[in-house]
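File shown: data05.csv. Contents: CSV, N, CA and C atoms.
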```
chain,number,residue,atom,x,y,z
R,686,MET,N,-36.5,4.6,-11.2
R,686,MET,CA,-35.5,4.1,-10.2
R,686,MET,C,-36.0,2.8,-9.6
R,687,LYS,N,-35.2,1.8,-9.4
R,687,LYS,CA,-35.5,0.5,-8.9
R,687,LYS,C,-35.8,0.6,-7.4
R,688,LYS,N,-36.9,-0.1,-7.0
R,688,LYS,CA,-37.3,-0.1,-5.6
R,688,LYS,C,-36.5,-1.2,-4.9
R,689,PHE,N,-36.0,-1.0,-3.7
R,689,PHE,CA,-35.3,-1.9,-2.9
R,689,PHE,C,-36.2,-2.7,-2.1
R,690,PRO,N,-36.1,-4.1,-2.0
R,690,PRO,CA,-37.1,-4.9,-1.3
R,690,PRO,C,-36.8,-5.0,0.2
R,691,LEU,N,-36.3,-3.9,0.7
R,691,LEU,CA,-36.1,-3.9,2.2
R,691,LEU,C,-37.3,-3.2,2.9
R,692,SER,N,-37.7,-3.7,4.0
R,692,SER,CA,-38.7,-3.0,4.8
R,692,SER,C,-38.1,-2.3,6.0
R,693,LEU,N,-38.8,-1.3,6.4
R,693,LEU,CA,-38.2,-0.5,7.5
R,693,LEU,C,-39.2,-0.6,8.6
R,694,LEU,N,-38.8,-0.9,9.8
R,694,LEU,CA,-39.7,-1.0,11.0
R,694,LEU,C,-39.2,-0.1,12.1
R,695,PHE,N,-39.9,0.9,12.4
R,695,PHE,CA,-39.5,1.7,13.5
R,695,PHE,C,-40.2,1.3,14.7
R,696,VAL,N,-39.5,1.0,15.8
R,696,VAL,CA,-40.1,0.5,17.0
R,696,VAL,C,-39.8,1.4,18.1
R,697,ALA,N,-40.9,1.9,18.8
R,697,ALA,CA,-40.8,2.8,19.9
R,697,ALA,C,-40.4,2.2,21.2
R,698,ALA,N,-40.8,1.0,21.4
R,698,ALA,CA,-40.5,0.3,22.6
R,698,ALA,C,-39.1,-0.3,22.5
R,699,CYS,N,-38.5,-0.5,23.7
R,699,CYS,CA,-37.1,-1.0,23.7
R,699,CYS,C,-37.1,-2.5,24.2
R,700,LEU,N,-38.0,-3.2,23.7
R,700,LEU,CA,-38.0,-4.7,24.0
R,700,LEU,C,-37.1,-5.3,23.1
R,701,CYS,N,-36.1,-5.9,23.7
R,701,CYS,CA,-35.0,-6.4,22.9
R,701,CYS,C,-34.6,-7.8,23.3
R,702,LEU,N,-34.7,-8.7,22.3
R,702,LEU,CA,-34.4,-10.1,22.6
R,702,LEU,C,-32.9,-10.3,22.3
R,703,PRO,N,-32.2,-11.1,23.1
R,703,PRO,CA,-30.8,-11.3,22.9
R,703,PRO,C,-30.5,-11.8,21.5
R,704,ARG,N,-31.4,-12.6,20.9
R,704,ARG,CA,-31.2,-13.1,19.6
R,704,ARG,C,-31.1,-11.9,18.5
R,705,LEU,N,-31.7,-10.8,18.8
R,705,LEU,CA,-31.6,-9.7,17.9
R,705,LEU,C,-30.3,-8.9,18.0
R,706,LEU,N,-29.6,-9.1,19.1
R,706,LEU,CA,-28.4,-8.3,19.3
R,706,LEU,C,-27.2,-8.8,18.6
R,707,PHE,N,-27.1,-10.1,18.3
R,707,PHE,CA,-25.9,-10.7,17.8
R,707,PHE,C,-26.2,-11.5,16.5
R,708,ALA,N,-25.3,-11.4,15.5
R,708,ALA,CA,-25.5,-12.2,14.3
R,708,ALA,C,-25.1,-13.6,14.6
R,709,SER,N,-25.8,-14.5,14.0
R,709,SER,CA,-25.5,-15.9,14.2
R,709,SER,C,-24.2,-16.3,13.4
R,710,ASP,N,-23.5,-17.2,13.9
R,710,ASP,CA,-22.2,-17.7,13.2
R,710,ASP,C,-22.6,-18.4,11.9
R,711,THR,N,-23.9,-18.8,11.8
R,711,THR,CA,-24.2,-19.6,10.6
R,711,THR,C,-24.4,-18.7,9.4
R,712,LEU,N,-24.5,-17.4,9.5
R,712,LEU,CA,-24.7,-16.5,8.4
R,712,LEU,C,-23.4,-16.4,7.6
R,713,THR,N,-23.5,-16.3,6.3
R,713,THR,CA,-22.4,-16.2,5.4
R,713,THR,C,-22.1,-14.7,5.3
R,714,VAL,N,-20.9,-14.4,4.8
R,714,VAL,CA,-20.4,-13.0,4.6
R,714,VAL,C,-21.3,-12.3,3.6
R,715,SER,N,-21.9,-13.1,2.6
R,715,SER,CA,-22.7,-12.5,1.6
R,715,SER,C,-24.1,-12.3,1.9
R,716,ALA,N,-24.6,-12.6,3.2
R,716,ALA,CA,-26.0,-12.4,3.6
R,716,ALA,C,-26.3,-10.9,3.5
R,717,LYS,N,-27.5,-10.6,2.9
R,717,LYS,CA,-27.9,-9.2,2.7
R,717,LYS,C,-29.1,-9.0,3.6
R,718,ALA,N,-29.2,-7.7,4.1
R,718,ALA,CA,-30.3,-7.3,5.0
R,718,ALA,C,-31.6,-7.3,4.2
R,719,ASP,N,-32.7,-7.8,4.8
R,719,ASP,CA,-34.0,-7.8,4.2
R,719,ASP,C,-34.9,-6.9,5.1
R,720,ARG,N,-34.4,-6.4,6.2
R,720,ARG,CA,-35.2,-5.6,7.1
R,720,ARG,C,-34.3,-4.8,8.0
R,721,VAL,N,-34.8,-3.6,8.3
R,721,VAL,CA,-34.1,-2.7,9.2
R,721,VAL,C,-35.0,-2.4,10.4
R,722,ILE,N,-34.5,-2.5,11.6
R,722,ILE,CA,-35.2,-2.2,12.8
R,722,ILE,C,-34.5,-1.1,13.5
R,723,VAL,N,-35.3,-0.1,13.9
R,723,VAL,CA,-34.8,1.0,14.7
R,723,VAL,C,-35.4,1.0,16.1
R,724,PHE,N,-34.6,1.0,17.1
R,724,PHE,CA,-35.1,1.2,18.5
R,724,PHE,C,-34.9,2.6,18.8
R,725,LYS,N,-35.9,3.4,18.7
R,725,LYS,CA,-35.8,4.9,18.8
R,725,LYS,C,-35.3,5.3,20.2
R,726,LYS,N,-35.8,4.8,21.3
R,726,LYS,CA,-35.3,5.2,22.6
R,726,LYS,C,-33.8,4.9,22.8
R,727,GLU,N,-33.3,3.8,22.3
R,727,GLU,CA,-31.9,3.5,22.4
R,727,GLU,C,-31.1,4.1,21.3
R,728,ARG,N,-31.7,4.7,20.3
R,728,ARG,CA,-31.0,5.2,19.1
R,728,ARG,C,-30.1,4.2,18.5
R,729,ARG,N,-30.7,3.0,18.2
R,729,ARG,CA,-30.0,1.9,17.7
R,729,ARG,C,-30.7,1.3,16.5
R,730,LEU,N,-29.9,1.0,15.4
R,730,LEU,CA,-30.4,0.4,14.2
R,730,LEU,C,-29.8,-0.9,14.0
R,731,ILE,N,-30.6,-1.9,13.7
R,731,ILE,CA,-30.2,-3.3,13.4
R,731,ILE,C,-30.5,-3.7,12.0
R,732,LEU,N,-29.6,-4.2,11.2
R,732,LEU,CA,-29.8,-4.8,9.9
R,732,LEU,C,-30.1,-6.2,10.1
R,733,MET,N,-31.2,-6.7,9.6
R,733,MET,CA,-31.6,-8.1,9.8
R,733,MET,C,-31.6,-8.9,8.5
R,734,HIS,N,-31.4,-10.2,8.6
R,734,HIS,CA,-31.6,-11.1,7.5
R,734,HIS,C,-32.5,-12.2,8.1
R,735,GLY,N,-33.7,-12.2,7.8
R,735,GLY,CA,-34.7,-13.2,8.4
R,735,GLY,C,-34.8,-12.8,9.9
R,736,THR,N,-34.4,-13.8,10.7
R,736,THR,CA,-34.5,-13.5,12.2
R,736,THR,C,-33.1,-13.3,12.8
R,737,GLU,N,-32.1,-13.2,11.9
R,737,GLU,CA,-30.7,-13.0,12.4
R,737,GLU,C,-30.2,-11.6,12.2
R,738,ALA,N,-29.6,-11.1,13.2
R,738,ALA,CA,-29.0,-9.7,13.2
R,738,ALA,C,-27.7,-9.8,12.4
R,739,LEU,N,-27.5,-8.9,11.4
R,739,LEU,CA,-26.3,-8.9,10.7
R,739,LEU,C,-25.3,-7.8,11.2
R,740,ARG,N,-25.8,-6.6,11.5
R,740,ARG,CA,-25.0,-5.5,12.0
R,740,ARG,C,-25.8,-4.7,12.8
R,741,GLU,N,-25.2,-3.9,13.7
R,741,GLU,CA,-25.9,-3.0,14.6
R,741,GLU,C,-25.1,-1.7,14.6
R,742,TYR,N,-25.9,-0.6,14.6
R,742,TYR,CA,-25.3,0.8,14.6
R,742,TYR,C,-26.0,1.7,15.6
R,743,LYS,N,-25.2,2.6,16.1
R,743,LYS,CA,-25.8,3.7,16.8
R,743,LYS,C,-26.3,4.7,15.8
R,744,VAL,N,-27.5,5.3,16.0
R,744,VAL,CA,-28.0,6.3,15.0
R,744,VAL,C,-28.4,7.6,15.7
R,745,ALA,N,-28.3,8.6,14.9
R,745,ALA,CA,-28.8,9.9,15.3
R,745,ALA,C,-30.2,10.1,14.7
R,746,LEU,N,-31.1,10.5,15.5
R,746,LEU,CA,-32.5,10.7,15.1
R,746,LEU,C,-32.9,12.2,15.4
R,747,GLY,N,-34.1,12.6,15.0
R,747,GLY,CA,-34.5,13.9,15.3
R,747,GLY,C,-34.5,14.3,16.7
R,748,GLY,N,-34.6,15.6,17.0
R,748,GLY,CA,-34.5,16.1,18.4
R,748,GLY,C,-35.5,15.5,19.3
R,749,GLU,N,-36.7,15.1,18.8
R,749,GLU,CA,-37.8,14.5,19.7
R,749,GLU,C,-38.3,13.2,19.0
R,750,PRO,N,-37.4,12.2,18.9
R,750,PRO,CA,-37.8,11.0,18.0
R,750,PRO,C,-38.9,10.2,18.6
R,751,LEU,N,-39.1,10.1,19.9
R,751,LEU,CA,-40.1,9.2,20.4
R,751,LEU,C,-41.5,9.7,20.2
R,752,GLY,N,-42.4,8.7,20.0
R,752,GLY,CA,-43.8,9.1,19.7
R,752,GLY,C,-44.1,9.0,18.2
R,753,ARG,N,-45.4,9.1,17.9
R,753,ARG,CA,-45.8,9.0,16.5
R,753,ARG,C,-45.6,10.3,15.7
R,754,LYS,N,-45.0,10.2,14.5
R,754,LYS,CA,-44.8,11.4,13.7
R,754,LYS,C,-46.2,11.9,13.3
R,755,VAL,N,-46.5,13.2,13.5
R,755,VAL,CA,-47.8,13.8,13.2
R,755,VAL,C,-47.7,14.8,12.1
R,756,GLN,N,-46.7,15.6,12.1
R,756,GLN,CA,-46.6,16.6,11.1
R,756,GLN,C,-45.1,16.9,10.7
R,757,GLU,N,-45.0,17.6,9.6
R,757,GLU,CA,-43.7,18.1,9.2
R,757,GLU,C,-43.1,19.0,10.2
R,758,GLY,N,-41.8,18.8,10.5
R,758,GLY,CA,-41.1,19.6,11.5
R,758,GLY,C,-41.3,19.3,12.9
R,759,ASP,N,-42.0,18.1,13.2
R,759,ASP,CA,-42.1,17.8,14.7
R,759,ASP,C,-40.9,17.0,15.2
R,760,HIS,N,-39.9,16.8,14.4
R,760,HIS,CA,-38.7,16.1,14.8
R,760,HIS,C,-38.9,14.7,15.3
R,761,LYS,N,-40.0,14.1,14.9
R,761,LYS,CA,-40.3,12.7,15.3
R,761,LYS,C,-39.8,11.8,14.2
R,762,THR,N,-39.4,10.6,14.6
R,762,THR,CA,-39.0,9.5,13.6
R,762,THR,C,-40.3,8.7,13.3
R,763,PRO,N,-40.6,8.5,12.0
R,763,PRO,CA,-41.8,7.7,11.7
R,763,PRO,C,-41.8,6.3,12.3
R,764,GLU,N,-42.9,5.8,12.6
R,764,GLU,CA,-43.0,4.4,13.1
R,764,GLU,C,-43.9,3.6,12.1
R,765,GLY,N,-43.5,2.4,11.8
R,765,GLY,CA,-44.3,1.6,10.9
R,765,GLY,C,-43.4,0.8,10.0
R,766,HIS,N,-44.1,0.2,9.0
R,766,HIS,CA,-43.4,-0.6,7.9
R,766,HIS,C,-43.3,0.3,6.7
R,767,TYR,N,-42.0,0.5,6.2
R,767,TYR,CA,-41.8,1.3,5.1
R,767,TYR,C,-40.9,0.6,4.1
R,768,THR,N,-40.8,1.1,2.9
R,768,THR,CA,-39.9,0.5,1.9
R,768,THR,C,-38.7,1.5,1.7
R,769,LEU,N,-37.5,1.0,1.6
R,769,LEU,CA,-36.4,1.8,1.2
R,769,LEU,C,-36.5,1.9,-0.3
R,770,ASP,N,-37.0,3.0,-0.8
R,770,ASP,CA,-37.4,3.1,-2.2
R,770,ASP,C,-36.5,3.8,-3.2
R,771,ARG,N,-35.4,4.5,-2.7
R,771,ARG,CA,-34.5,5.1,-3.6
R,771,ARG,C,-33.3,5.5,-2.9
R,772,ARG,N,-32.2,5.7,-3.6
R,772,ARG,CA,-30.9,6.2,-3.1
R,772,ARG,C,-30.8,7.6,-3.5
R,773,ASN,N,-30.0,8.4,-2.8
R,773,ASN,CA,-29.7,9.8,-3.3
R,773,ASN,C,-28.2,9.8,-3.5
R,774,PRO,N,-27.8,9.6,-4.8
R,774,PRO,CA,-26.4,9.6,-5.1
R,774,PRO,C,-25.7,10.9,-5.0
R,775,HIS,N,-26.5,12.0,-4.9
R,775,HIS,CA,-25.9,13.4,-4.8
R,775,HIS,C,-25.9,13.9,-3.3
R,776,SER,N,-26.2,13.0,-2.4
R,776,SER,CA,-26.3,13.5,-1.0
R,776,SER,C,-24.9,13.8,-0.5
R,777,ARG,N,-24.8,14.7,0.5
R,777,ARG,CA,-23.5,15.0,1.1
R,777,ARG,C,-23.3,14.0,2.3
R,778,PHE,N,-24.2,13.1,2.5
R,778,PHE,CA,-24.1,12.0,3.5
R,778,PHE,C,-23.8,10.7,2.9
R,779,TYR,N,-23.2,9.8,3.7
R,779,TYR,CA,-22.8,8.5,3.2
R,779,TYR,C,-24.0,7.6,3.0
R,780,ARG,N,-24.2,7.0,1.9
R,780,ARG,CA,-25.3,6.1,1.5
R,780,ARG,C,-26.6,6.5,1.9
R,781,SER,N,-27.1,7.6,1.4
R,781,SER,CA,-28.4,8.2,1.7
R,781,SER,C,-29.5,7.4,1.0
R,782,ILE,N,-30.4,6.9,1.8
R,782,ILE,CA,-31.5,6.0,1.3
R,782,ILE,C,-32.8,6.6,1.8
R,783,HIS,N,-33.7,6.8,0.9
R,783,HIS,CA,-35.0,7.4,1.3
R,783,HIS,C,-36.0,6.3,1.8
R,784,ILE,N,-36.8,6.6,2.8
R,784,ILE,CA,-37.9,5.7,3.2
R,784,ILE,C,-39.2,6.2,2.6
R,785,SER,N,-40.2,5.3,2.4
R,785,SER,CA,-41.4,5.6,1.8
R,785,SER,C,-42.5,6.3,2.7
R,786,TYR,N,-42.1,7.1,3.7
R,786,TYR,CA,-43.0,7.9,4.5
R,786,TYR,C,-43.2,9.2,3.8
R,787,PRO,N,-44.4,9.8,3.8
R,787,PRO,CA,-45.6,9.3,4.4
R,787,PRO,C,-46.4,8.4,3.4
R,788,ASP,N,-47.3,7.6,4.0
R,788,ASP,CA,-48.2,6.8,3.2
R,788,ASP,C,-49.5,7.6,3.1
R,789,ALA,N,-50.5,7.1,2.4
R,789,ALA,CA,-51.8,7.9,2.3
R,789,ALA,C,-52.5,8.1,3.6
R,790,ALA,N,-52.4,7.2,4.5
R,790,ALA,CA,-53.0,7.4,5.8
R,790,ALA,C,-52.4,8.5,6.6
R,791,HIS,N,-51.0,8.6,6.6
R,791,HIS,CA,-50.3,9.7,7.2
R,791,HIS,C,-50.7,11.1,6.6
R,792,VAL,N,-50.8,11.1,5.3
R,792,VAL,CA,-51.1,12.4,4.6
R,792,VAL,C,-52.5,12.8,5.0
R,793,GLN,N,-53.5,11.8,5.0
R,793,GLN,CA,-54.9,12.2,5.3
R,793,GLN,C,-55.0,12.6,6.7
R,794,ARG,N,-54.3,12.0,7.6
R,794,ARG,CA,-54.4,12.3,9.1
R,794,ARG,C,-53.9,13.7,9.3
R,795,ALA,N,-52.8,14.0,8.7
R,795,ALA,CA,-52.2,15.4,8.8
R,795,ALA,C,-53.1,16.4,8.2
R,796,LYS,N,-53.6,16.1,7.0
R,796,LYS,CA,-54.4,17.0,6.2
R,796,LYS,C,-55.7,17.3,7.0
R,797,GLY,N,-56.3,16.3,7.7
R,797,GLY,CA,-57.4,16.5,8.5
R,797,GLY,C,-57.2,17.5,9.7
R,798,ARG,N,-56.0,17.7,10.1
R,798,ARG,CA,-55.6,18.6,11.1
R,798,ARG,C,-55.1,19.9,10.5
R,799,GLY,N,-55.1,20.0,9.2
R,799,GLY,CA,-54.6,21.3,8.6
R,799,GLY,C,-53.1,21.4,8.5
R,800,LEU,N,-52.5,20.2,8.6
R,800,LEU,CA,-51.0,20.2,8.6
R,800,LEU,C,-50.4,19.4,7.4
R,801,ALA,N,-49.1,19.5,7.2
R,801,ALA,CA,-48.4,18.7,6.3
R,801,ALA,C,-47.8,17.6,7.0
R,802,ALA,N,-47.8,16.4,6.4
R,802,ALA,CA,-47.3,15.2,7.0
R,802,ALA,C,-45.8,15.1,7.1
R,803,GLY,N,-45.2,15.9,6.2
R,803,GLY,CA,-43.7,15.8,6.1
R,803,GLY,C,-43.3,14.8,5.1
R,804,GLY,N,-42.0,14.6,5.0
R,804,GLY,CA,-41.5,13.6,4.0
R,804,GLY,C,-40.1,13.8,3.8
R,805,ASP,N,-39.6,13.2,2.7
R,805,ASP,CA,-38.2,13.2,2.3
R,805,ASP,C,-37.3,12.8,3.5
R,806,ILE,N,-37.7,11.7,4.1
R,806,ILE,CA,-36.9,11.2,5.3
R,806,ILE,C,-35.9,10.1,4.8
R,807,MET,N,-34.7,10.3,5.2
R,807,MET,CA,-33.6,9.5,4.7
R,807,MET,C,-32.9,8.8,5.8
R,808,ILE,N,-32.4,7.6,5.5
R,808,ILE,CA,-31.4,6.9,6.4
R,808,ILE,C,-30.0,7.1,5.8
R,809,HIS,N,-29.1,7.6,6.5
R,809,HIS,CA,-27.8,7.9,5.9
R,809,HIS,C,-26.7,7.9,7.0
R,810,GLY,N,-25.5,7.8,6.5
R,810,GLY,CA,-24.3,7.9,7.4
R,810,GLY,C,-23.9,9.3,7.6
R,811,LEU,N,-22.7,9.5,8.1
R,811,LEU,CA,-22.1,10.9,8.3
R,811,LEU,C,-21.6,11.5,7.0
R,812,PRO,N,-21.5,12.8,6.9
R,812,PRO,CA,-20.8,13.4,5.8
R,812,PRO,C,-19.4,13.0,5.8
R,813,PRO,N,-18.7,13.1,4.6
R,813,PRO,CA,-17.3,12.6,4.5
R,813,PRO,C,-16.3,13.2,5.5
R,814,VAL,N,-16.5,14.4,6.0
R,814,VAL,CA,-15.6,15.0,6.9
R,814,VAL,C,-15.6,14.3,8.3
R,815,TYR,N,-16.7,13.5,8.6
R,815,TYR,CA,-16.8,12.8,9.9
R,815,TYR,C,-16.6,11.3,9.7
R,816,ALA,N,-16.7,10.8,8.5
R,816,ALA,CA,-16.6,9.4,8.3
R,816,ALA,C,-15.3,8.8,8.6
```
Serialized structure, structure tokens:
Amino acid sequence: MKKFPLSLLFVAACLCLPRLLFASDTLTVSAKADRVIVFKKERRLILMHGTEALREYKVALGGEPLGRKVQEGDHKTPEGHYTLDRRNPHSRFYRSIHISYPDAAHVQRAKGRGLAAGGDIMIHGLPPVYA
């Protein structure tokens, strides 16, 4: 499966510059996102192209998204830089895209505590009944 050259940045703080909120009029319709930023506290996702915001979405996160993800089932949203590495064409959700969590450091940290790091974390839209 082809890897997508997008990076994923989960941000716990809600420091938001006005420039991140609105797309510039200079972007063309064909501009593609090269980065995804998630503001966990605000439950907001922004698709970026360079320093310009392309689109902004409200997002649903786990029941306890704030803070660092430590183990499988903690309902935390991972923080850090990740690659959107594959799509799930058989998902019941719209455009289901997998993120490359956990990395080796997450696995080692969880293993050191006798825990599983978790994984199979996806970014996706709603199922067709809600879309």
Hey, which bits of region 755-786 of chain R sit within 7 Å of region 724-747 of chain R, and for each residue what's the closest pair of atoms and how far apart in Å (one decimal), counting only N, CA and C atoms, rows by chain and increasing number, as a tab-separated table?
```
residue	atom	partner	partner_atom	distance
R:His760	C	R:Gly747	CA	4.5
R:Lys761	N	R:Gly747	CA	5.5
R:Thr762	N	R:Gly747	N	5.7
```
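Relative to atom N of Arg780 (chain R), atom C of Gly810 (chain R) is found at 6.2 Å.
With all atoms listed in the file as the atoms that count, the minimum distance from Arg794 (chain R) to the choices R:Ser781, R:Gln756, R:Thr768, R:Ser776 is reached by R:Gln756.
Put simply, CA of Arg720 (chain R) is 23.0 Å away from CA of Gly803 (chain R).
Taking CA of Leu769 (chain R) and CA of Val814 (chain R) as the two end points, the separation is 25.3 Å.
Comparing the minimum interatomic distances between Lys796 (chain R) and each of R:Tyr779, R:His766, R:Ile784, R:Glu757, counting only C-alpha atoms, we find that R:Glu757 sits nearest.
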| note | Nearest to Lys754 (chain R), restricted to all atoms listed in the file and choosing among R:Ile806, R:Leu811, R:His783, R:His791, comes out as R:His791
